[in-house]
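Structure data follow from work.cif (mmCIF, C-alpha atoms):
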data_input
#
loop_
_atom_site.label_atom_id
_atom_site.label_comp_id
_atom_site.auth_asym_id
_atom_site.auth_seq_id
_atom_site.Cartn_x
_atom_site.Cartn_y
_atom_site.Cartn_z
CA MET A 1 -153.94 201.30 131.38
CA THR A 2 -154.23 198.56 133.95
CA ASP A 3 -153.87 194.80 133.68
CA ASP A 4 -157.64 194.68 133.37
CA ALA A 5 -157.60 196.56 130.08
CA PRO A 6 -159.43 194.65 127.36
CA PRO A 7 -157.18 192.91 124.83
CA LYS A 8 -156.20 195.17 121.98
CA THR A 9 -157.85 194.56 118.64
CA PRO A 10 -155.41 192.50 116.61
CA PRO A 11 -154.13 194.16 113.46
CA ILE A 12 -155.20 193.02 110.03
CA LEU A 13 -152.88 190.25 108.84
CA GLN A 14 -151.29 191.14 105.53
CA THR A 15 -150.23 188.13 103.47
CA PRO A 16 -149.35 187.63 99.81
CA ARG A 17 -152.92 186.46 99.21
CA ASN A 18 -154.71 189.50 100.57
CA THR A 19 -152.17 192.04 99.31
CA LEU A 20 -153.64 193.73 96.28
CA GLN A 21 -151.52 193.55 93.18
CA ARG A 22 -153.69 195.67 90.89
CA LEU A 23 -154.46 199.34 91.64
CA SER A 24 -152.88 198.92 95.05
CA ARG A 25 -153.32 202.66 95.74
CA ARG A 26 -157.01 201.85 96.23
CA ALA A 27 -156.27 199.25 98.92
CA SER A 28 -156.43 199.48 102.69
CA TYR A 29 -155.51 197.06 105.44
CA ASN A 30 -156.93 199.23 108.20
CA ARG A 31 -159.45 197.51 110.43
CA ASP A 32 -161.59 200.62 110.90
CA VAL A 33 -161.85 201.07 107.14
CA ILE A 34 -162.76 197.42 106.68
CA ASN A 35 -165.31 197.45 109.50
CA ALA A 36 -167.01 200.59 108.20
CA ILE A 37 -167.56 198.96 104.81
CA LEU A 38 -168.83 195.73 106.34
CA ASP A 39 -171.26 197.63 108.57
CA ASP A 40 -172.78 199.34 105.52
CA GLY A 41 -173.67 196.11 103.70
CA TYR A 42 -176.11 193.27 104.20
CA VAL A 43 -175.15 190.64 101.60
CA ALA A 44 -171.77 188.91 101.39
CA THR A 45 -170.70 186.31 98.87
CA VAL A 46 -169.18 183.23 100.51
CA SER A 47 -166.99 181.15 98.16
CA ALA A 48 -165.35 177.81 98.90
CA LEU A 49 -164.66 174.39 97.46
CA VAL A 50 -167.52 171.90 97.68
CA ASP A 51 -166.79 168.43 96.33
CA GLY A 52 -163.79 169.80 94.43
CA ALA A 53 -165.66 172.59 92.67
CA VAL A 54 -165.83 176.28 93.54
CA ARG A 55 -169.23 177.31 94.82
CA ALA A 56 -170.35 180.75 95.87
CA GLN A 57 -173.43 181.84 97.75
CA PRO A 58 -174.79 185.32 98.47
CA ILE A 59 -175.89 185.47 102.10
CA TYR A 60 -176.95 187.88 104.85
CA TYR A 61 -174.10 188.69 107.21
CA TRP A 62 -173.40 190.85 110.20
CA ARG A 63 -170.33 191.87 112.18
CA MET A 64 -169.60 191.64 115.90
CA GLY A 65 -166.19 192.84 116.99
CA ASP A 66 -163.48 191.28 114.88
CA GLU A 67 -165.68 188.58 113.36
CA LEU A 68 -168.17 188.37 110.53
CA PHE A 69 -171.12 186.04 111.03
CA VAL A 70 -173.60 184.21 108.81
CA HIS A 71 -176.30 181.72 109.65
CA GLY A 72 -178.37 179.22 107.78
CA SER A 73 -179.62 175.69 107.62
CA ARG A 74 -177.54 172.89 109.03
CA HIS A 75 -178.13 171.09 105.70
CA ASN A 76 -176.44 173.83 103.63
CA ALA A 77 -173.79 172.04 101.53
CA LEU A 78 -171.46 175.04 101.52
CA PHE A 79 -171.64 175.37 105.30
CA LYS A 80 -170.86 171.68 105.73
CA SER A 81 -167.82 172.04 103.51
CA LEU A 82 -166.61 175.03 105.49
CA LEU A 83 -166.79 173.07 108.72
CA GLU A 84 -164.71 170.33 107.15
CA GLY A 85 -161.88 172.87 107.12
CA ARG A 86 -162.20 174.34 103.66
CA GLU A 87 -160.78 177.79 103.28
CA VAL A 88 -163.27 180.48 102.48
CA CYS A 89 -163.15 183.70 100.53
CA ILE A 90 -165.80 186.24 101.54
CA THR A 91 -166.47 189.37 99.54
CA VAL A 92 -168.69 192.37 100.20
CA ALA A 93 -169.10 195.01 97.51
CA LEU A 94 -171.03 198.28 97.78
CA LEU A 95 -171.66 200.25 94.60
CA ASP A 96 -171.45 204.02 95.13
CA GLY A 97 -171.65 205.34 91.59
CA LEU A 98 -171.13 204.94 87.88
CA VAL A 99 -168.16 206.92 86.57
CA LEU A 100 -168.64 208.15 83.00
CA ALA A 101 -165.37 209.28 81.46
CA ARG A 102 -164.56 210.91 78.12
CA SER A 103 -162.93 207.72 76.87
CA ALA A 104 -164.36 204.21 76.93
CA PHE A 105 -161.24 202.97 78.70
CA HIS A 106 -161.57 205.24 81.73
CA HIS A 107 -165.19 204.46 82.49
CA SER A 108 -165.26 203.10 86.01
CA MET A 109 -167.30 202.58 89.14
CA ASN A 110 -167.13 204.10 92.58
CA TYR A 111 -167.31 201.32 95.13
CA ARG A 112 -166.19 200.06 98.51
CA SER A 113 -165.34 196.39 98.83
CA VAL A 114 -163.83 193.96 101.32
CA VAL A 115 -162.26 190.56 100.76
CA ILE A 116 -161.68 188.19 103.69
CA TYR A 117 -159.79 184.90 103.58
CA GLY A 118 -159.94 182.40 106.39
CA MET A 119 -161.66 179.49 108.01
CA ALA A 120 -165.08 179.17 109.59
CA ARG A 121 -165.84 178.22 113.16
CA GLU A 122 -169.26 177.15 114.30
CA VAL A 123 -170.66 179.12 117.20
CA THR A 124 -171.98 176.42 119.54
CA ASP A 125 -171.75 177.88 123.03
CA PRO A 126 -175.39 178.71 123.89
CA ALA A 127 -174.67 182.08 125.50
CA GLU A 128 -172.39 183.18 122.66
CA ARG A 129 -174.78 181.93 120.02
CA ASN A 130 -177.60 183.84 121.67
CA ALA A 131 -175.54 187.03 121.65
CA VAL A 132 -174.56 186.56 118.01
CA LEU A 133 -178.13 185.86 116.88
CA LYS A 134 -179.36 188.83 118.90
CA ALA A 135 -176.89 191.04 117.03
CA SER A 136 -178.23 189.79 113.69
CA VAL A 137 -181.71 191.09 114.56
CA GLU A 138 -180.74 194.19 116.55
CA ARG A 139 -178.84 195.38 113.51
CA LEU A 140 -182.16 195.66 111.66
CA ALA A 141 -184.05 197.40 114.47
CA LYS A 142 -182.66 198.33 117.86
CA GLY A 143 -184.56 196.73 120.74
CA ARG A 144 -186.28 194.21 118.50
CA TRP A 145 -184.73 191.12 120.10
CA GLU A 146 -186.73 191.68 123.29
CA GLN A 147 -190.00 192.05 121.35
CA ILE A 148 -189.91 188.95 119.16
CA ARG A 149 -190.14 185.27 119.91
CA LYS A 150 -186.63 183.94 120.55
CA PRO A 151 -185.43 180.81 118.74
CA ASN A 152 -186.75 177.58 120.27
CA GLU A 153 -184.75 174.39 120.66
CA ALA A 154 -185.80 172.91 117.33
CA GLU A 155 -184.94 176.10 115.47
CA LEU A 156 -181.55 176.31 117.17
CA ARG A 157 -180.81 172.66 116.32
CA GLY A 158 -181.53 173.29 112.65
CA THR A 159 -179.53 176.51 112.44
CA MET A 160 -175.80 176.79 111.98
CA VAL A 161 -174.10 180.01 113.06
CA LEU A 162 -170.66 180.48 111.54
CA GLY A 163 -168.02 183.04 112.45
CA PHE A 164 -165.09 184.16 110.32
CA PRO A 165 -162.17 186.14 111.72
CA ILE A 166 -161.72 189.52 110.05
CA SER A 167 -157.98 189.09 109.95
CA GLU A 168 -156.54 188.16 106.55
CA ALA A 169 -158.60 190.88 104.93
CA SER A 170 -158.38 193.90 102.68
CA ALA A 171 -160.53 196.79 101.58
CA LYS A 172 -160.54 198.38 98.15
CA ALA A 173 -162.37 201.53 97.20
CA ARG A 174 -162.70 204.14 94.49
CA ALA A 175 -164.31 207.55 94.90
CA GLY A 176 -164.48 210.78 92.96
CA GLY A 177 -164.87 211.79 89.35
CA PRO A 178 -163.46 210.33 86.14
CA VAL A 179 -159.74 210.53 85.45
CA ASP A 180 -159.22 210.88 81.73
CA ASP A 181 -156.15 211.12 79.54
CA PRO A 182 -154.96 214.73 79.17
CA ASP A 183 -155.82 214.91 75.47
CA ASP A 184 -159.43 213.84 76.05
CA TYR A 185 -160.55 216.63 78.40
CA GLY A 186 -161.64 218.88 75.55
CA MET A 187 -164.10 216.36 74.11
CA PRO A 188 -167.69 217.61 73.81
CA VAL A 189 -169.20 214.82 75.89
CA TRP A 190 -170.77 214.80 79.33
CA ALA A 191 -168.50 213.27 81.94
CA GLY A 192 -169.02 212.77 85.62
CA VAL A 193 -170.50 210.50 88.24
CA ILE A 194 -173.99 209.10 88.61
CA PRO A 195 -174.04 208.38 92.34
CA CYS A 196 -176.02 205.44 93.65
CA ALA A 197 -176.81 203.84 96.96
CA VAL A 198 -179.07 201.27 98.54
CA THR A 199 -182.02 203.24 99.86
CA PHE A 200 -184.87 202.02 102.06
CA GLY A 201 -188.48 202.72 101.19
CA GLU A 202 -191.59 203.05 103.30
CA GLU A 203 -192.17 200.09 105.58
CA ILE A 204 -194.91 197.67 104.51
CA GLU A 205 -196.69 196.33 107.57
CA ASP A 206 -197.80 192.72 107.53
CA THR A 207 -201.42 192.82 108.62
CA ASN A 208 -201.99 189.08 108.36
CA LEU A 209 -203.33 187.44 111.45
CA GLN A 210 -202.35 184.00 110.29
CA PRO A 211 -199.82 182.53 107.82
CA PRO A 212 -200.56 183.35 104.15
CA MET A 213 -201.94 180.47 102.12
CA MET B 1 -190.64 180.74 60.14
CA THR B 2 -188.11 180.38 57.32
CA ASP B 3 -184.72 178.77 57.19
CA ASP B 4 -183.31 182.23 57.86
CA ALA B 5 -184.86 182.31 61.32
CA PRO B 6 -182.27 183.07 63.99
CA PRO B 7 -181.14 180.11 66.05
CA LYS B 8 -183.37 179.48 69.04
CA THR B 9 -182.02 180.50 72.42
CA PRO B 10 -180.69 177.35 74.05
CA PRO B 11 -182.45 176.34 77.24
CA ILE B 12 -180.78 176.65 80.63
CA LEU B 13 -178.81 173.51 81.38
CA GLN B 14 -179.92 171.95 84.63
CA THR B 15 -177.27 169.82 86.34
CA PRO B 16 -176.81 168.48 89.87
CA ARG B 17 -174.54 171.44 90.58
CA ASN B 18 -176.96 174.20 89.66
CA THR B 19 -180.06 172.47 90.97
CA LEU B 20 -180.97 174.10 94.25
CA GLN B 21 -181.26 171.73 97.17
CA ARG B 22 -182.43 174.21 99.78
CA LEU B 23 -185.71 176.14 99.47
CA SER B 24 -186.07 174.84 95.92
CA ARG B 25 -189.50 176.49 95.62
CA ARG B 26 -187.62 179.77 95.31
CA ALA B 27 -185.57 178.52 92.35
CA SER B 28 -186.00 179.11 88.63
CA TYR B 29 -184.20 177.74 85.60
CA ASN B 30 -186.01 180.03 83.16
CA ARG B 31 -183.73 182.11 80.95
CA ASP B 32 -186.04 185.14 80.95
CA VAL B 33 -186.13 185.15 84.73
CA ILE B 34 -182.34 184.84 84.91
CA ASN B 35 -181.76 187.55 82.30
CA ALA B 36 -184.11 189.99 84.00
CA ILE B 37 -182.16 189.68 87.24
CA LEU B 38 -178.81 190.03 85.50
CA ASP B 39 -179.99 193.14 83.64
CA ASP B 40 -180.92 194.79 86.94
CA GLY B 41 -177.46 194.47 88.49
CA TYR B 42 -174.04 195.95 87.92
CA VAL B 43 -171.68 193.99 90.16
CA ALA B 44 -171.08 190.24 89.98
CA THR B 45 -168.78 188.19 92.15
CA VAL B 46 -166.46 185.96 90.12
CA SER B 47 -165.02 183.02 92.10
CA ALA B 48 -162.43 180.51 90.93
CA LEU B 49 -159.31 178.67 91.99
CA VAL B 50 -156.07 180.64 91.73
CA ASP B 51 -152.91 178.75 92.69
CA GLY B 52 -155.01 176.16 94.48
CA ALA B 53 -156.96 178.61 96.64
CA VAL B 54 -160.46 179.98 96.14
CA ARG B 55 -160.45 183.65 95.21
CA ALA B 56 -163.43 185.86 94.57
CA GLN B 57 -163.61 189.29 93.02
CA PRO B 58 -166.52 191.72 92.74
CA ILE B 59 -166.57 193.15 89.23
CA TYR B 60 -168.72 195.17 86.80
CA TYR B 61 -170.55 192.94 84.34
CA TRP B 62 -173.02 193.22 81.52
CA ARG B 63 -175.10 190.83 79.43
CA MET B 64 -175.36 190.42 75.66
CA GLY B 65 -177.65 187.68 74.46
CA ASP B 66 -176.86 184.42 76.23
CA GLU B 67 -173.52 185.53 77.63
CA LEU B 68 -172.34 187.53 80.59
CA PHE B 69 -169.23 189.66 80.09
CA VAL B 70 -166.57 191.24 82.28
CA HIS B 71 -163.43 193.10 81.39
CA GLY B 72 -160.27 194.10 83.15
CA SER B 73 -156.53 194.21 83.08
CA ARG B 74 -154.64 191.50 81.26
CA HIS B 75 -152.51 191.19 84.42
CA ASN B 76 -155.48 190.24 86.63
CA ALA B 77 -154.48 186.98 88.35
CA LEU B 78 -158.04 185.69 88.50
CA PHE B 79 -158.57 186.32 84.78
CA LYS B 80 -155.35 184.49 83.94
CA SER B 81 -156.48 181.52 85.97
CA LEU B 82 -159.85 181.47 84.22
CA LEU B 83 -158.16 181.36 80.83
CA GLU B 84 -156.11 178.39 81.98
CA GLY B 85 -159.38 176.50 82.04
CA ARG B 86 -160.46 176.91 85.64
CA GLU B 87 -164.15 176.59 86.26
CA VAL B 88 -165.85 179.70 87.48
CA CYS B 89 -168.81 180.40 89.74
CA ILE B 90 -170.44 183.78 89.15
CA THR B 91 -173.05 185.20 91.49
CA VAL B 92 -175.25 188.27 91.27
CA ALA B 93 -177.44 189.23 94.22
CA LEU B 94 -179.93 192.08 94.41
CA LEU B 95 -181.37 192.98 97.80
CA ASP B 96 -185.05 194.00 97.63
CA GLY B 97 -186.00 194.24 101.27
CA LEU B 98 -185.52 193.27 104.88
CA VAL B 99 -188.23 190.96 106.17
CA LEU B 100 -189.01 191.44 109.86
CA ALA B 101 -191.00 188.56 111.28
CA ARG B 102 -192.58 187.96 114.68
CA SER B 103 -189.99 185.31 115.52
CA ALA B 104 -186.20 185.60 115.20
CA PHE B 105 -186.13 182.43 113.12
CA HIS B 106 -188.40 183.74 110.36
CA HIS B 107 -186.55 187.00 109.78
CA SER B 108 -185.50 186.97 106.16
CA MET B 109 -184.57 189.05 103.13
CA ASN B 110 -186.32 189.69 99.85
CA TYR B 111 -183.81 189.26 97.07
CA ARG B 112 -183.20 188.11 93.52
CA SER B 113 -180.01 186.21 92.78
CA VAL B 114 -178.36 184.28 89.98
CA VAL B 115 -175.59 181.69 90.09
CA ILE B 116 -173.73 180.69 86.92
CA TYR B 117 -171.21 177.86 86.59
CA GLY B 118 -168.99 177.51 83.56
CA MET B 119 -165.79 178.39 81.80
CA ALA B 120 -164.53 181.70 80.44
CA ARG B 121 -163.64 182.46 76.86
CA GLU B 122 -161.62 185.48 75.85
CA VAL B 123 -163.24 187.70 73.26
CA THR B 124 -160.42 188.34 70.77
CA ASP B 125 -162.13 188.91 67.42
CA PRO B 126 -161.83 192.69 66.90
CA ALA B 127 -165.37 193.19 65.58
CA GLU B 128 -166.95 191.12 68.33
CA ARG B 129 -164.81 192.72 71.01
CA ASN B 130 -165.85 196.14 69.77
CA ALA B 131 -169.53 195.19 69.94
CA VAL B 132 -169.14 193.76 73.42
CA LEU B 133 -167.26 196.80 74.74
CA LYS B 134 -169.83 199.08 73.12
CA ALA B 135 -172.57 197.23 75.01
CA SER B 136 -170.75 197.80 78.29
CA VAL B 137 -170.94 201.57 77.78
CA GLU B 138 -174.31 201.81 76.03
CA ARG B 139 -175.82 200.09 79.03
CA LEU B 140 -174.91 203.14 81.13
CA ALA B 141 -176.18 205.74 78.65
CA LYS B 142 -177.73 205.03 75.27
CA GLY B 143 -175.81 206.61 72.39
CA ARG B 144 -172.73 207.24 74.50
CA TRP B 145 -170.39 204.98 72.51
CA GLU B 146 -170.50 207.34 69.53
CA GLN B 147 -169.70 210.36 71.72
CA ILE B 148 -166.65 209.11 73.60
CA ARG B 149 -163.13 208.27 72.52
CA LYS B 150 -163.01 204.59 71.52
CA PRO B 151 -160.31 202.33 72.92
CA ASN B 152 -156.95 202.74 71.20
CA GLU B 153 -154.59 199.91 70.34
CA ALA B 154 -152.60 200.12 73.57
CA GLU B 155 -155.78 200.11 75.68
CA LEU B 156 -157.16 197.12 73.79
CA ARG B 157 -153.88 195.23 74.21
CA GLY B 158 -154.00 195.75 77.98
CA THR B 159 -157.67 194.83 78.37
CA MET B 160 -159.07 191.35 78.59
CA VAL B 161 -162.73 190.83 77.70
CA LEU B 162 -164.15 187.57 79.02
CA GLY B 163 -167.46 185.94 78.16
CA PHE B 164 -169.31 183.32 80.19
CA PRO B 165 -172.20 181.30 78.79
CA ILE B 166 -175.44 181.75 80.73
CA SER B 167 -176.18 178.07 80.53
CA GLU B 168 -175.53 176.10 83.72
CA ALA B 169 -177.34 178.73 85.73
CA SER B 170 -180.11 179.23 88.24
CA ALA B 171 -182.10 182.04 89.76
CA LYS B 172 -183.36 182.23 93.32
CA ALA B 173 -185.70 184.84 94.68
CA ARG B 174 -187.87 185.70 97.66
CA ALA B 175 -190.61 188.30 97.68
CA GLY B 176 -193.47 189.27 99.94
CA GLY B 177 -194.07 189.60 103.65
CA PRO B 178 -192.93 187.51 106.59
CA VAL B 179 -194.24 183.99 107.04
CA ASP B 180 -194.49 183.25 110.73
CA ASP B 181 -195.52 180.21 112.71
CA PRO B 182 -199.28 180.17 113.35
CA ASP B 183 -198.93 180.68 117.10
CA ASP B 184 -196.83 183.82 116.67
CA TYR B 185 -199.28 185.95 114.69
CA GLY B 186 -200.85 187.38 117.81
CA MET B 187 -197.60 188.80 119.17
CA PRO B 188 -197.66 192.56 119.83
CA VAL B 189 -194.67 193.34 117.61
CA TRP B 190 -194.39 195.15 114.30
CA ALA B 191 -193.84 192.78 111.40
CA GLY B 192 -193.46 193.48 107.72
CA VAL B 193 -191.02 194.41 105.01
CA ILE B 194 -188.61 197.32 104.75
CA PRO B 195 -188.19 197.50 100.98
CA CYS B 196 -184.87 198.60 99.54
CA ALA B 197 -183.34 199.18 96.15
CA VAL B 198 -180.30 200.68 94.50
CA THR B 199 -181.31 204.22 93.58
CA PHE B 200 -179.42 206.73 91.48
CA GLY B 201 -178.89 210.30 92.66
CA GLU B 202 -178.36 213.55 90.82
CA GLU B 203 -175.54 213.40 88.30
CA ILE B 204 -172.31 215.13 89.32
CA GLU B 205 -170.69 216.69 86.28
CA ASP B 206 -166.92 216.62 86.05
CA THR B 207 -165.95 220.20 85.24
CA ASN B 208 -162.22 219.55 85.19
CA LEU B 209 -160.44 220.61 82.02
CA GLN B 210 -157.40 218.50 82.77
CA PRO B 211 -156.65 215.45 84.92
CA PRO B 212 -156.97 216.04 88.68
CA MET B 213 -153.63 216.26 90.53
#

Taking this structure as input, can you express it in the form of C-alpha cells?
Amino acid sequence: MTDDAPPKTPPILQTPRNTLQRLSRRASYNRDVINAILDDGYVATVSALVDGAVRAQPIYYWRMGDELFVHGSRHNALFKSLLEGREVCITVALLDGLVLARSAFHHSMNYRSVVIYGMAREVTDPAERNAVLKASVERLAKGRWEQIRKPNEAELRGTMVLGFPISEASAKARAGGPVDDPDDYGMPVWAGVIPCAVTFGEEIEDTNLQPPM
Amino acid sequence: MTDDAPPKTPPILQTPRNTLQRLSRRASYNRDVINAILDDGYVATVSALVDGAVRAQPIYYWRMGDELFVHGSRHNALFKSLLEGREVCITVALLDGLVLARSAFHHSMNYRSVVIYGMAREVTDPAERNAVLKASVERLAKGRWEQIRKPNEAELRGTMVLGFPISEASAKARAGGPVDDPDDYGMPVWAGVIPCAVTFGEEIEDTNLQPPM
C-alpha cells in the first residue's frame, strides 16, 4: 500500500432506522451483498414526501461504485422534492421463488431485497454526468455508448441525474425450502419451492426507418 | 337486472394525487386495466410515514375484488403505523422489456405499473379473514387451502391482515419498440426490444421429514 492507494470503500452505516427488527437473521449490512443484489435488478421504488404526502415511484436505476443512480425529467415532482432535501427510501426487491409449506402460516417467498435511506444529490458536473449516463446504457449492452447518439444539449438540460449514497442500507434475503412445524411434516401435501427469475427473451429488432405513427 | 343484483364495482377515484402529470398518455384509470396488472405481480412496495420518516417495504400481496391485501407480523412497525391512520402509497411494477434506442435519450423500458393511495384497514372478522387468507394461498395453487394445515389460534393472533381499497389508483404502462428522433433512424446501430418476464422454473420438492437444522 502506498499513499496513492485509492480510498477504501466506506462501510455500510448501520443506524436504528436501517437495522432490521423482524427476522433479523435474514439481514445483511455487507456492501458486497448489497451491491450484488442491486446489480441484479433494474427497477427500484423511490419513496419520499411530496407536498406532505408519501409518494412512491418505480424507476430504472443503476449502480456505479458506492452510489445508486436514477434519471428522469427535470419536471418530475418527486425528483424536485428530493432536491429540496427530502429524505428518500429506496427499495429493490427480487423474487426468487414461491415457498409452499405444509401449513398456511409457513408459506413464504424466496427473495433478495435492499433498502437504502438517504438524500439525493444532482449530478451536474458534465464529465461526471457523462460517465454516469454512459454507465446506464453500458449496463444494457457493453460498448453501446460509442454506437448510439449521445445526449445533446437540450436533452441534457431536460434530464435530471440523481445519485444516492449506498450507505445507510441493508439487505434482506430468504433462500431454501419451506420450514414447517415439526408436527406438520407428515401431512400428505406437496411442499417445496417454485423457483422464479426474470428471464430475457429473444431480441425484437426495430426495423422502422422512421418514427412510428 | 333485479334488486338482488350485486352492487356495481365502484369506479376508480381520480384525484390530483393519482392523476399522472408526466407522460399522461401512458396512464389509465380503468379498474380492469389496474386489476390485470395487480394479478400478474407478487411483490408490492408499501410506503408510509413511520415516526416521521418515510419507510418502504417490499411485500407479498394479493387481490380480492376491489381490495389489495397484505399480511405479516403484528409487530411490523410499518403495519402499526398504517393502523394509526397513516396514508399509504402502494406500488407494483412489472418489467416487460428493455428498449434500446438509437439515441441514449430514447432508451426506455417496457413495463406495467400501478400506484394506489389510501388507508389500511385490518381484517378482523374471522370469516372474512379466513376467506382472505385462503385467497392468498389459492392464488399460488388452486385447491391448496383444503390440503394444508389451516392457521391455528396462536398464528392468527400473531398475524395482521391488512386491506387497501383499490380506489385512488392509477396504472401506467409502456409497450412496443423504441421511438427515436427522425434524424437518428439511419444510424448503423441495433435498436429494438429485449423482452423480459418473470418465469417459473421446475418445482423443487421438499423431501425433508422434519424441520431442517

With only C-alpha atoms as the counted atoms, please give the residues lying no more than 10 Å from segment 118-128 of chain A, apart from itself and same-chain residues fewer than 2 positions off, as a PyMOL selection string. chain A and resi 48+68-71+79+81-90+116+130-134+156+160-169

Same residues, C-alpha atoms, saved as a PDB file, in the frame of the given file:
ATOM      1  CA  ALA A  48    -165.350 177.810  98.900  1.00  0.00           C
ATOM      2  CA  LEU A  68    -168.170 188.370 110.530  1.00  0.00           C
ATOM      3  CA  PHE A  69    -171.120 186.040 111.030  1.00  0.00           C
ATOM      4  CA  VAL A  70    -173.600 184.210 108.810  1.00  0.00           C
ATOM      5  CA  HIS A  71    -176.300 181.720 109.650  1.00  0.00           C
ATOM      6  CA  PHE A  79    -171.640 175.370 105.300  1.00  0.00           C
ATOM      7  CA  SER A  81    -167.820 172.040 103.510  1.00  0.00           C
ATOM      8  CA  LEU A  82    -166.610 175.030 105.490  1.00  0.00           C
ATOM      9  CA  LEU A  83    -166.790 173.070 108.720  1.00  0.00           C
ATOM     10  CA  GLU A  84    -164.710 170.330 107.150  1.00  0.00           C
ATOM     11  CA  GLY A  85    -161.880 172.870 107.120  1.00  0.00           C
ATOM     12  CA  ARG A  86    -162.200 174.340 103.660  1.00  0.00           C
ATOM     13  CA  GLU A  87    -160.780 177.790 103.280  1.00  0.00           C
ATOM     14  CA  VAL A  88    -163.270 180.480 102.480  1.00  0.00           C
ATOM     15  CA  CYS A  89    -163.150 183.700 100.530  1.00  0.00           C
ATOM     16  CA  ILE A  90    -165.800 186.240 101.540  1.00  0.00           C
ATOM     17  CA  ILE A 116    -161.680 188.190 103.690  1.00  0.00           C
ATOM     18  CA  ASN A 130    -177.600 183.840 121.670  1.00  0.00           C
ATOM     19  CA  ALA A 131    -175.540 187.030 121.650  1.00  0.00           C
ATOM     20  CA  VAL A 132    -174.560 186.560 118.010  1.00  0.00           C
ATOM     21  CA  LEU A 133    -178.130 185.860 116.880  1.00  0.00           C
ATOM     22  CA  LYS A 134    -179.360 188.830 118.900  1.00  0.00           C
ATOM     23  CA  LEU A 156    -181.550 176.310 117.170  1.00  0.00           C
ATOM     24  CA  MET A 160    -175.800 176.790 111.980  1.00  0.00           C
ATOM     25  CA  VAL A 161    -174.100 180.010 113.060  1.00  0.00           C
ATOM     26  CA  LEU A 162    -170.660 180.480 111.540  1.00  0.00           C
ATOM     27  CA  GLY A 163    -168.020 183.040 112.450  1.00  0.00           C
ATOM     28  CA  PHE A 164    -165.090 184.160 110.320  1.00  0.00           C
ATOM     29  CA  PRO A 165    -162.170 186.140 111.720  1.00  0.00           C
ATOM     30  CA  ILE A 166    -161.720 189.520 110.050  1.00  0.00           C
ATOM     31  CA  SER A 167    -157.980 189.090 109.950  1.00  0.00           C
ATOM     32  CA  GLU A 168    -156.540 188.160 106.550  1.00  0.00           C
ATOM     33  CA  ALA A 169    -158.600 190.880 104.930  1.00  0.00           C
TER      34      ALA A 169
END

Can you give me, as a PyMOL selection string, the residues this file yields under the PyMOL selection byres ((chain A) within 7 of (chain B))? chain A and resi 47-48+54-56+58+88-89+91+93+102-105+147-151+155+177+179-182+185-186+189+191-206+209-212

Given the file above and the PyMOL selection byres ((chain A and resi 65) around 9), which residues are selected, and can you give them as a ChimeraX atom specification? /A:9,35,63-64,66-68,166

Residues selected by the PyMOL selection byres ((chain A and resi 171) around 7), written as a list in words: Ala27, Ser28, Tyr29, Ile34, Ser113, Val114, Val115, Ser170, Lys172 and Ala173 of chain A

Can you work out the spacing between atom CA of Asn30 of chain A and atom CA of Pro10 of chain A in Å, to one decimal?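 Atom CA of Asn30 of chain A sits 10.9 Å away from atom CA of Pro10 of chain A.
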
Might I get the box with edges along x, y and z of the file that holds all atoms of segment 120-129 of chain B listed there, padded by 3 Å on every side, given as centre and edge lengths in Å to one decimal, as AutoDock Vina command-line options?
--center_x -163.7 --center_y 187.4 --center_z 73.0 --size_x 12.5 --size_y 17.5 --size_z 20.9

Using Å and a single decimal, report how far atom CA of Glu153 of chain B sits from atom CA of Leu20 of chain A. 26.7 Å
